[in-house]
Structures are given as structure tokens and as C-alpha cells.
Amino acid sequence: MIPTTVLSDTLTVSALGLGGMGLTAAYGGTTTQEAVATVNAAIDLGVTFLDTADVYGEPRPGTEGPPGTNEEMFGQVLATRRDEVQIATKFGITGAVGDGIPTRGDAAYVQAACEASLRRLGVETIDLYYLHRRELDRPIEETVGAMAELVRQGKVAHLGLSEVTGPELRAAAAVHPIAAVQSEWSLWSRDVERHVVPAAIEVGAGFVPYSPLGRGFLTGTLTRESLAGTLRAGQARFEEHFEANQQVVEVVRSVATEVDATPAQVALAWLYAQGRRLGIPVVPIPGTRRAERVAENAGALAVELTEDHLTRLDAVADRVQGGRNLGFAGPTWISAGRE
Ligand SMILES: NC(=O)c1ccc[n+]([C@@H]2O[C@H](COP(=O)([O-])OP(=O)(O)OC[C@H]3O[C@@H](n4cnc5c(N)ncnc54)[C@H](OP(=O)(O)O)[C@@H]3O)[C@@H](O)[C@H]2O)c1
């Protein structure tokens, strides 16, 4: 079984989570039936910290707002397994990311978005409710104040924030305790270590690294052909620098061979080690459509990396070519864009 991690004072989750985004369209196809089977297999293994968002899923033609199809898929599982899991979802992105990123964080929207997510998930309370992206023209205190009202109403148990800067996190935590920050963090995306992780430690929030496998890149299984039509397309690190960045994969592979693990396990084990070194609870949420990969990823909890391994893995970030920002999405997309 998978051990648990205390993310923050009152929120305990499985030490590995399951990222749900790829269980509807994001990186390739799957069916609802397969997705439900993968989530059930994860729970059977003890991976009970489940991550979704109202905006995950294909846009529904003729309707406005987040599609909610990913949440509905999780709802099928929660219908019989609610008490076994910690369900996290997100709001704030109101439509497709295109020329900029449409966001809303006013009180009326926060209330309506939460009620829609509760309906789709079929639950009375969301264990962890994240602001997915903030509305830059609106003070974050106002949005978090509206989220705090959801806690008072019993609709949400804990609050989280995604892709906030250090100062934004401090301002939010002054309004209501923040249990978790979810931002991209991995061997090749380490900008959060500058300001966001120290702020999270200060306010007592745990960290939930998203895309901990570098959207699959760090596992060494991606090919150029697998990029088209996925969320990887359009990022220079996957496109023009695909070949140059194979040197990152080579380091991960060589460490994996030495510790008799897989590259995915090494990438996740590095994050656990980094959490211990920096003094913050870390619960990665790798995404996969395949039950056997959930089991493989859970194997990371048993991987021990030596100082020498960590030194070699630490060094890869400086050699990565191409950043993690989506050029067309603007400064809302990643916290580093606003530092
Ligand atoms: N807050 C945010 O803004 C935000 C942004 C992005 C993601 N997220 C969350 O974070 C979760 C994880 O991030 P992510 O899905 O973007 O990236 P990720 O977890 O780094 O990588 C997912 C990719 O890796 C592949 N994969 C998974 N395990 C593998 C293994 N053991 N060996 C080889 N390949 C493996 C998956 O393919 P297969 O499906 O084929 O296994 C998928 O293509 C998402 O599902 C979502 O819940 C949040």
C-alpha cells in the first residue's frame, strides 16, 4: 500500500496522487471506460489523491464555460468510492487557452463554479479546491475570500492555489489558510524553487508538483511524432529543442539503470528528495491513462537516490533548452512570468 503524507495541518493524502488531465483529451486518446478503470486501479493500489479540474476535457460545442467532462468521469468512480479518496478540483479558467487565457475570480463565479463541480463530481464536499489561474486584474484576496465562503458553507474542505507567485501566496494565506500549492515542478522545471516554495513553507502549505514527469518527456518514451495535437505542442522545449533536450533524458536513464528503477521512478524520486532537502511536504500527481504505469510510478516511493545521483540530476535543469511558458498564453499562465 501507499503511505500517506500530511500536506498541511489538516489535510492528509496518499503520498502519490493521480493526475487526471490526460484521462480526457490532453496527450492522446482514451475512452471513459478506460479512464474509469485506471482511476479504480489507482485507488485499489492506494493512490487515493485524485486531481481534476472543471476545464479538463474537450470543449462541448454550443456551450460556454468549462466542459466538466473530466470531472464527470471522476464522478462515475466517486459514486461508489467517495470515502476512499481525497478529491481535488480547480476553477478559474473559463475556456480554451488561446490568445491569452480567460479567467474569472469574482465571488458570483466562484460560487457558481464550485456548485457546478459538486454536481458533476456527485459529492457534497470537495476535499481540496484550487484556484487554477488567477484573474490578474482582480486582487487575489477577493477571490480567496469567496473561496473561504465555500469552506464556511461546507462545500469545500481545504483551499489550494495553482501557479501563484510568492507574494500572491502570502496575500492569499492572510485571508484563509492555504493547504496546498499546485504548480509545475520537476527535474526540468525548477523556477518555483526561487520564491514559491519558500513562501509555501512560510505559510504552511504543502506542494503538489504538476507535470512531474515533464509531460512525459523525462520518461524517455516521447517521440517527435507524439507531440502533435497534444498540450506539448507549441513549447520550444518539446519542439525545436527536442533533440538537444535528450541529454536530460540520458542523465535520468543512467541514474535509473544504477538504482534498478525506471526513468519515471527516478524523476519522481528526485521530487521526493527535493521536498525533504527543502523541508516541504511534496505529493506529485503524475498523469497516466494506464493502470500499470500508476503502479510503476508508485514504485518511486521505494527508490533511494544517493548524493551522487542527486548531484547529477540537479545539474540537468541548467542544461534544458526552452522554457515552460506557453508564449501565447501570457503572464497568467505561469507564476515565473509575473516574478
Ligand atoms: N495546475 C495546472 O495548471 C496543471 C497543469 C498541467 C497538469 N496538471 C495536473 O497534473 C497532472 C500531471 O501532469 P501532466 O499529465 O501534465 O504530466 P506528467 O504527469 O508529467 O506526464 C504525463 C505523461 O507521461 C506519461 N507517463 C505517465 N507515467 C509514465 C511512465 N511511468 N512511463 C512513461 N510515460 C508515463 C503519460 O502517458 P500515458 O497516459 O500514455 O501513460 C502522459 O503522457 C495532470 O494530469 C493534471 O491533473 C495541472
# chains A, B, ... in the order shown; residues from 1 in each chain; ligands from 1

call {"tool": "residues_near_ligand", "arguments": {"ligand": "ligand 1", "cutoff": "7 Å", "atoms": "only C-alpha atoms and all ligand atoms", "output": "PyMOL selection string"}}
result
chain A and resi 18-22+27+51-52+132+162-163+182-184+210-216+219+221+264+285-290+293-294+296-297

call {"tool": "write_last_selection", "arguments": {"atoms": "N, CA and C atoms", "output": "tab-separated table (two decimals), in the first residue's frame"}}
result
chain	number	residue	atom	x	y	z
A	18	LEU	N	-2.90	10.92	-8.37
A	18	LEU	CA	-3.12	10.61	-9.78
A	18	LEU	C	-3.60	11.87	-10.49
A	19	GLY	N	-2.82	12.32	-11.47
A	19	GLY	CA	-3.22	13.46	-12.28
A	19	GLY	C	-4.26	13.01	-13.29
A	20	GLY	N	-5.38	13.73	-13.35
A	20	GLY	CA	-6.49	13.26	-14.18
A	20	GLY	C	-6.57	13.89	-15.56
A	21	MET	N	-5.80	14.93	-15.81
A	21	MET	CA	-6.00	15.70	-17.04
A	21	MET	C	-5.94	14.83	-18.30
A	22	GLY	N	-4.97	13.94	-18.37
A	22	GLY	CA	-4.79	13.11	-19.57
A	22	GLY	C	-5.84	12.02	-19.72
A	27	TYR	N	-3.22	14.50	-24.02
A	27	TYR	CA	-1.98	13.95	-24.60
A	27	TYR	C	-2.26	12.78	-25.54
A	51	ASP	N	-6.73	14.15	-8.87
A	51	ASP	CA	-6.66	15.54	-9.32
A	51	ASP	C	-7.42	15.75	-10.62
A	52	THR	N	-8.40	16.66	-10.57
A	52	THR	CA	-9.12	17.01	-11.79
A	52	THR	C	-9.27	18.53	-11.85
A	132	HIS	N	-7.32	27.74	-10.16
A	132	HIS	CA	-6.46	27.17	-11.21
A	132	HIS	C	-5.52	28.25	-11.76
A	162	SER	N	-2.98	27.47	-7.68
A	162	SER	CA	-2.11	26.95	-8.72
A	162	SER	C	-1.40	28.10	-9.43
A	163	GLU	N	-0.10	27.94	-9.65
A	163	GLU	CA	0.71	28.93	-10.38
A	163	GLU	C	0.57	30.34	-9.80
A	182	GLN	N	-0.28	24.03	-6.08
A	182	GLN	CA	-0.03	23.12	-7.20
A	182	GLN	C	0.56	23.92	-8.36
A	183	SER	N	1.82	23.67	-8.64
A	183	SER	CA	2.47	24.33	-9.77
A	183	SER	C	3.41	23.33	-10.42
A	184	GLU	N	3.85	23.66	-11.64
A	184	GLU	CA	4.74	22.73	-12.32
A	184	GLU	C	6.08	22.70	-11.58
A	210	TYR	N	2.80	19.56	-10.38
A	210	TYR	CA	2.11	19.02	-11.56
A	210	TYR	C	3.13	18.81	-12.69
A	211	SER	N	2.73	18.03	-13.67
A	211	SER	CA	3.64	17.60	-14.75
A	211	SER	C	4.99	17.16	-14.17
A	212	PRO	N	4.98	16.27	-13.16
A	212	PRO	CA	6.24	15.87	-12.52
A	212	PRO	C	7.13	15.02	-13.42
A	213	LEU	N	6.53	14.48	-14.49
A	213	LEU	CA	7.32	13.72	-15.46
A	213	LEU	C	7.63	14.56	-16.68
A	214	GLY	N	7.50	15.88	-16.54
A	214	GLY	CA	7.78	16.76	-17.68
A	214	GLY	C	6.83	16.48	-18.84
A	215	ARG	N	5.54	16.28	-18.51
A	215	ARG	CA	4.53	15.92	-19.52
A	215	ARG	C	4.98	14.68	-20.31
A	216	GLY	N	5.69	13.80	-19.64
A	216	GLY	CA	6.13	12.54	-20.25
A	216	GLY	C	7.55	12.57	-20.75
A	219	THR	N	10.49	10.63	-19.05
A	219	THR	CA	10.45	9.17	-19.04
A	219	THR	C	11.20	8.59	-20.25
A	221	THR	N	10.10	8.27	-23.20
A	221	THR	CA	9.23	7.50	-24.10
A	221	THR	C	8.61	8.35	-25.21
A	264	ALA	N	10.84	7.16	-15.06
A	264	ALA	CA	9.71	7.83	-14.40
A	264	ALA	C	9.89	7.78	-12.88
A	285	ILE	N	1.68	14.41	-8.68
A	285	ILE	CA	0.45	13.84	-9.26
A	285	ILE	C	0.69	13.46	-10.73
A	286	PRO	N	1.57	12.47	-10.98
A	286	PRO	CA	1.79	12.08	-12.37
A	286	PRO	C	0.49	11.62	-13.02
A	287	GLY	N	0.35	11.95	-14.29
A	287	GLY	CA	-0.85	11.54	-15.03
A	287	GLY	C	-0.53	10.37	-15.93
A	288	THR	N	-1.43	9.41	-15.97
A	288	THR	CA	-1.29	8.32	-16.94
A	288	THR	C	-2.66	7.71	-17.22
A	289	ARG	N	-2.78	7.18	-18.44
A	289	ARG	CA	-4.02	6.50	-18.81
A	289	ARG	C	-3.94	5.02	-18.49
A	290	ARG	N	-2.76	4.56	-18.05
A	290	ARG	CA	-2.54	3.11	-17.94
A	290	ARG	C	-2.32	2.67	-16.50
A	293	ARG	N	1.13	1.80	-15.33
A	293	ARG	CA	2.03	2.93	-15.09
A	293	ARG	C	1.76	3.60	-13.74
A	294	VAL	N	0.53	3.51	-13.26
A	294	VAL	CA	0.26	4.02	-11.90
A	294	VAL	C	1.11	3.20	-10.93
A	296	GLU	N	3.82	1.50	-11.61
A	296	GLU	CA	5.24	1.83	-11.84
A	296	GLU	C	5.60	3.13	-11.11
A	297	ASN	N	4.76	4.14	-11.28
A	297	ASN	CA	5.05	5.44	-10.67
A	297	ASN	C	5.06	5.35	-9.15

call {"tool": "select_by_dssp", "arguments": {"residues": "region 9-99 of chain A", "states": "strand (DSSP E)", "output": "PDB file with N, CA and C atoms, in the first residue's frame"}}
result
ATOM      1  N   LEU A  11      -4.772  18.365   6.281  1.00  0.00           N
ATOM      2  CA  LEU A  11      -5.019  17.624   5.032  1.00  0.00           C
ATOM      3  C   LEU A  11      -3.972  16.531   4.827  1.00  0.00           C
ATOM      4  N   THR A  12      -4.435  15.290   4.919  1.00  0.00           N
ATOM      5  CA  THR A  12      -3.566  14.129   4.697  1.00  0.00           C
ATOM      6  C   THR A  12      -4.028  13.414   3.433  1.00  0.00           C
ATOM      7  N   VAL A  13      -3.070  13.093   2.567  1.00  0.00           N
ATOM      8  CA  VAL A  13      -3.403  12.475   1.277  1.00  0.00           C
ATOM      9  C   VAL A  13      -2.447  11.313   1.018  1.00  0.00           C
ATOM     10  N   SER A  14      -2.731  10.496   0.007  1.00  0.00           N
ATOM     11  CA  SER A  14      -1.777   9.441  -0.338  1.00  0.00           C
ATOM     12  C   SER A  14      -0.488  10.106  -0.835  1.00  0.00           C
ATOM     13  N   GLY A  17      -0.207  11.052  -5.899  1.00  0.00           N
ATOM     14  CA  GLY A  17      -1.559  11.294  -6.406  1.00  0.00           C
ATOM     15  C   GLY A  17      -1.677  10.807  -7.835  1.00  0.00           C
ATOM     16  N   LEU A  18      -2.896  10.919  -8.374  1.00  0.00           N
ATOM     17  CA  LEU A  18      -3.124  10.607  -9.785  1.00  0.00           C
ATOM     18  C   LEU A  18      -3.597  11.872 -10.486  1.00  0.00           C
ATOM     19  N   GLY A  19      -2.820  12.316 -11.468  1.00  0.00           N
ATOM     20  CA  GLY A  19      -3.225  13.460 -12.285  1.00  0.00           C
ATOM     21  C   GLY A  19      -4.264  13.009 -13.292  1.00  0.00           C
ATOM     22  N   PHE A  49      -5.335  10.163  -3.874  1.00  0.00           N
ATOM     23  CA  PHE A  49      -5.382  11.621  -4.020  1.00  0.00           C
ATOM     24  C   PHE A  49      -5.580  11.920  -5.508  1.00  0.00           C
ATOM     25  N   LEU A  50      -6.802  12.282  -5.869  1.00  0.00           N
ATOM     26  CA  LEU A  50      -7.193  12.379  -7.283  1.00  0.00           C
ATOM     27  C   LEU A  50      -7.297  13.840  -7.700  1.00  0.00           C
ATOM     28  N   ASP A  51      -6.732  14.147  -8.869  1.00  0.00           N
ATOM     29  CA  ASP A  51      -6.661  15.539  -9.319  1.00  0.00           C
ATOM     30  C   ASP A  51      -7.418  15.753 -10.623  1.00  0.00           C
ATOM     31  N   GLN A  86      -9.325  11.318  -1.677  1.00  0.00           N
ATOM     32  CA  GLN A  86      -9.278  12.755  -1.470  1.00  0.00           C
ATOM     33  C   GLN A  86      -9.384  13.372  -2.863  1.00  0.00           C
ATOM     34  N   ILE A  87     -10.492  14.072  -3.110  1.00  0.00           N
ATOM     35  CA  ILE A  87     -10.723  14.618  -4.458  1.00  0.00           C
ATOM     36  C   ILE A  87     -10.367  16.113  -4.491  1.00  0.00           C
ATOM     37  N   ALA A  88      -9.517  16.437  -5.459  1.00  0.00           N
ATOM     38  CA  ALA A  88      -9.116  17.831  -5.654  1.00  0.00           C
ATOM     39  C   ALA A  88      -9.591  18.283  -7.024  1.00  0.00           C
ATOM     40  N   THR A  89     -10.188  19.463  -7.085  1.00  0.00           N
ATOM     41  CA  THR A  89     -10.521  20.029  -8.388  1.00  0.00           C
ATOM     42  C   THR A  89     -10.190  21.523  -8.404  1.00  0.00           C
ATOM     43  N   LYS A  90     -10.389  22.136  -9.564  1.00  0.00           N
ATOM     44  CA  LYS A  90      -9.933  23.528  -9.750  1.00  0.00           C
ATOM     45  C   LYS A  90     -10.951  24.312 -10.564  1.00  0.00           C
ATOM     46  N   PHE A  91     -10.917  25.624 -10.380  1.00  0.00           N
ATOM     47  CA  PHE A  91     -11.779  26.514 -11.156  1.00  0.00           C
ATOM     48  C   PHE A  91     -10.961  27.756 -11.503  1.00  0.00           C
TER      49      PHE A  91
END

call {"tool": "select_by_dssp", "arguments": {"residues": "region 48-187 of chain A", "states": "helix (DSSP H, G or I)", "output": "JSON, numbers by chain"}}
result
{"A": [69, 70, 71, 72, 73, 74, 75, 76, 77, 78, 79, 80, 81, 82, 83, 84, 107, 108, 109, 110, 111, 112, 113, 114, 115, 116, 117, 118, 119, 120, 121, 140, 141, 142, 143, 144, 145, 146, 147, 148, 149, 150, 151, 152, 166, 167, 168, 169, 170, 171, 172, 173]}

call {"tool": "atom_distance", "arguments": {"atom1": "CA of Ile178 (chain A)", "atom2": "CA of Gly337 (chain A)"}}
result
21.8 Å

call {"tool": "closest_atom_pairs", "arguments": {"of": "region 217-280 of chain A", "to": "region 313-319 of chain A", "cutoff": "10 Å", "atoms": "only C-alpha atoms", "output": "Markdown table"}}
result
| residue | atom | partner | partner_atom | distance |
| --- | --- | --- | --- | --- |
| A:Ala244 | CA | A:Arg319 | CA | 9.1 |
| A:Asn245 | CA | A:Arg319 | CA | 7.9 |
| A:Gln247 | CA | A:Val316 | CA | 8.2 |
| A:Val248 | CA | A:Val316 | CA | 5.8 |
| A:Val249 | CA | A:Val316 | CA | 9.1 |
| A:Glu250 | CA | A:Val316 | CA | 9.9 |
| A:Val251 | CA | A:Leu313 | CA | 6.8 |
| A:Val252 | CA | A:Leu313 | CA | 6.9 |
| A:Val255 | CA | A:Leu313 | CA | 8.2 |
| A:Val266 | CA | A:Leu313 | CA | 9.2 |
| A:Ala267 | CA | A:Leu313 | CA | 8.7 |
| A:Trp270 | CA | A:Leu313 | CA | 7.6 |
| A:Gln274 | CA | A:Asp314 | CA | 9.4 |

call {"tool": "write_last_selection", "arguments": {"atoms": "N, CA and C atoms", "output": "compact mmCIF listing (two decimals), in the first residue's frame"}}
result
# COMPACT_ATOMS: atom_id res chain seq x y z
N ALA A 244 18.10 18.38 -28.55
CA ALA A 244 19.07 18.89 -27.57
C ALA A 244 18.70 18.45 -26.16
N ASN A 245 17.42 18.40 -25.87
CA ASN A 245 16.98 18.06 -24.51
C ASN A 245 17.04 16.56 -24.22
N GLN A 247 19.62 15.08 -23.81
CA GLN A 247 20.70 14.89 -22.82
C GLN A 247 20.14 14.83 -21.39
N VAL A 248 18.99 15.48 -21.19
CA VAL A 248 18.33 15.41 -19.88
C VAL A 248 17.87 13.97 -19.64
N VAL A 249 17.23 13.41 -20.67
CA VAL A 249 16.73 12.05 -20.56
C VAL A 249 17.89 11.08 -20.30
N GLU A 250 19.03 11.34 -20.95
CA GLU A 250 20.18 10.43 -20.79
C GLU A 250 20.63 10.36 -19.33
N VAL A 251 20.66 11.51 -18.66
CA VAL A 251 21.08 11.51 -17.25
C VAL A 251 20.07 10.73 -16.40
N VAL A 252 18.78 10.98 -16.65
CA VAL A 252 17.75 10.27 -15.87
C VAL A 252 17.87 8.77 -16.12
N VAL A 255 20.93 7.20 -14.26
CA VAL A 255 20.67 7.00 -12.82
C VAL A 255 19.69 5.85 -12.63
N VAL A 266 12.67 7.56 -11.22
CA VAL A 266 13.77 8.44 -10.82
C VAL A 266 13.32 9.90 -10.81
N ALA A 267 12.55 10.29 -11.83
CA ALA A 267 12.07 11.68 -11.87
C ALA A 267 11.21 11.99 -10.64
N TRP A 270 13.36 12.02 -7.36
CA TRP A 270 14.09 13.30 -7.23
C TRP A 270 13.19 14.35 -6.56
N GLN A 274 13.87 16.24 -3.18
CA GLN A 274 13.92 17.70 -3.18
C GLN A 274 13.01 18.27 -2.08

call {"tool": "residues_around", "arguments": {"residues": "region 196-205 of chain A", "least_positions_apart": "3", "cutoff": "8 Å", "atoms": "only C-alpha atoms", "output": "list in words"}}
result
Leu7, Ser8, Asp9, Val164, Thr165, Gly166, Pro167, Leu169, Arg170, Ala173, Pro177, Ile178, Ala179, Ala180, Val181, Val192, Glu193, Gly279 and Ile280 of chain A
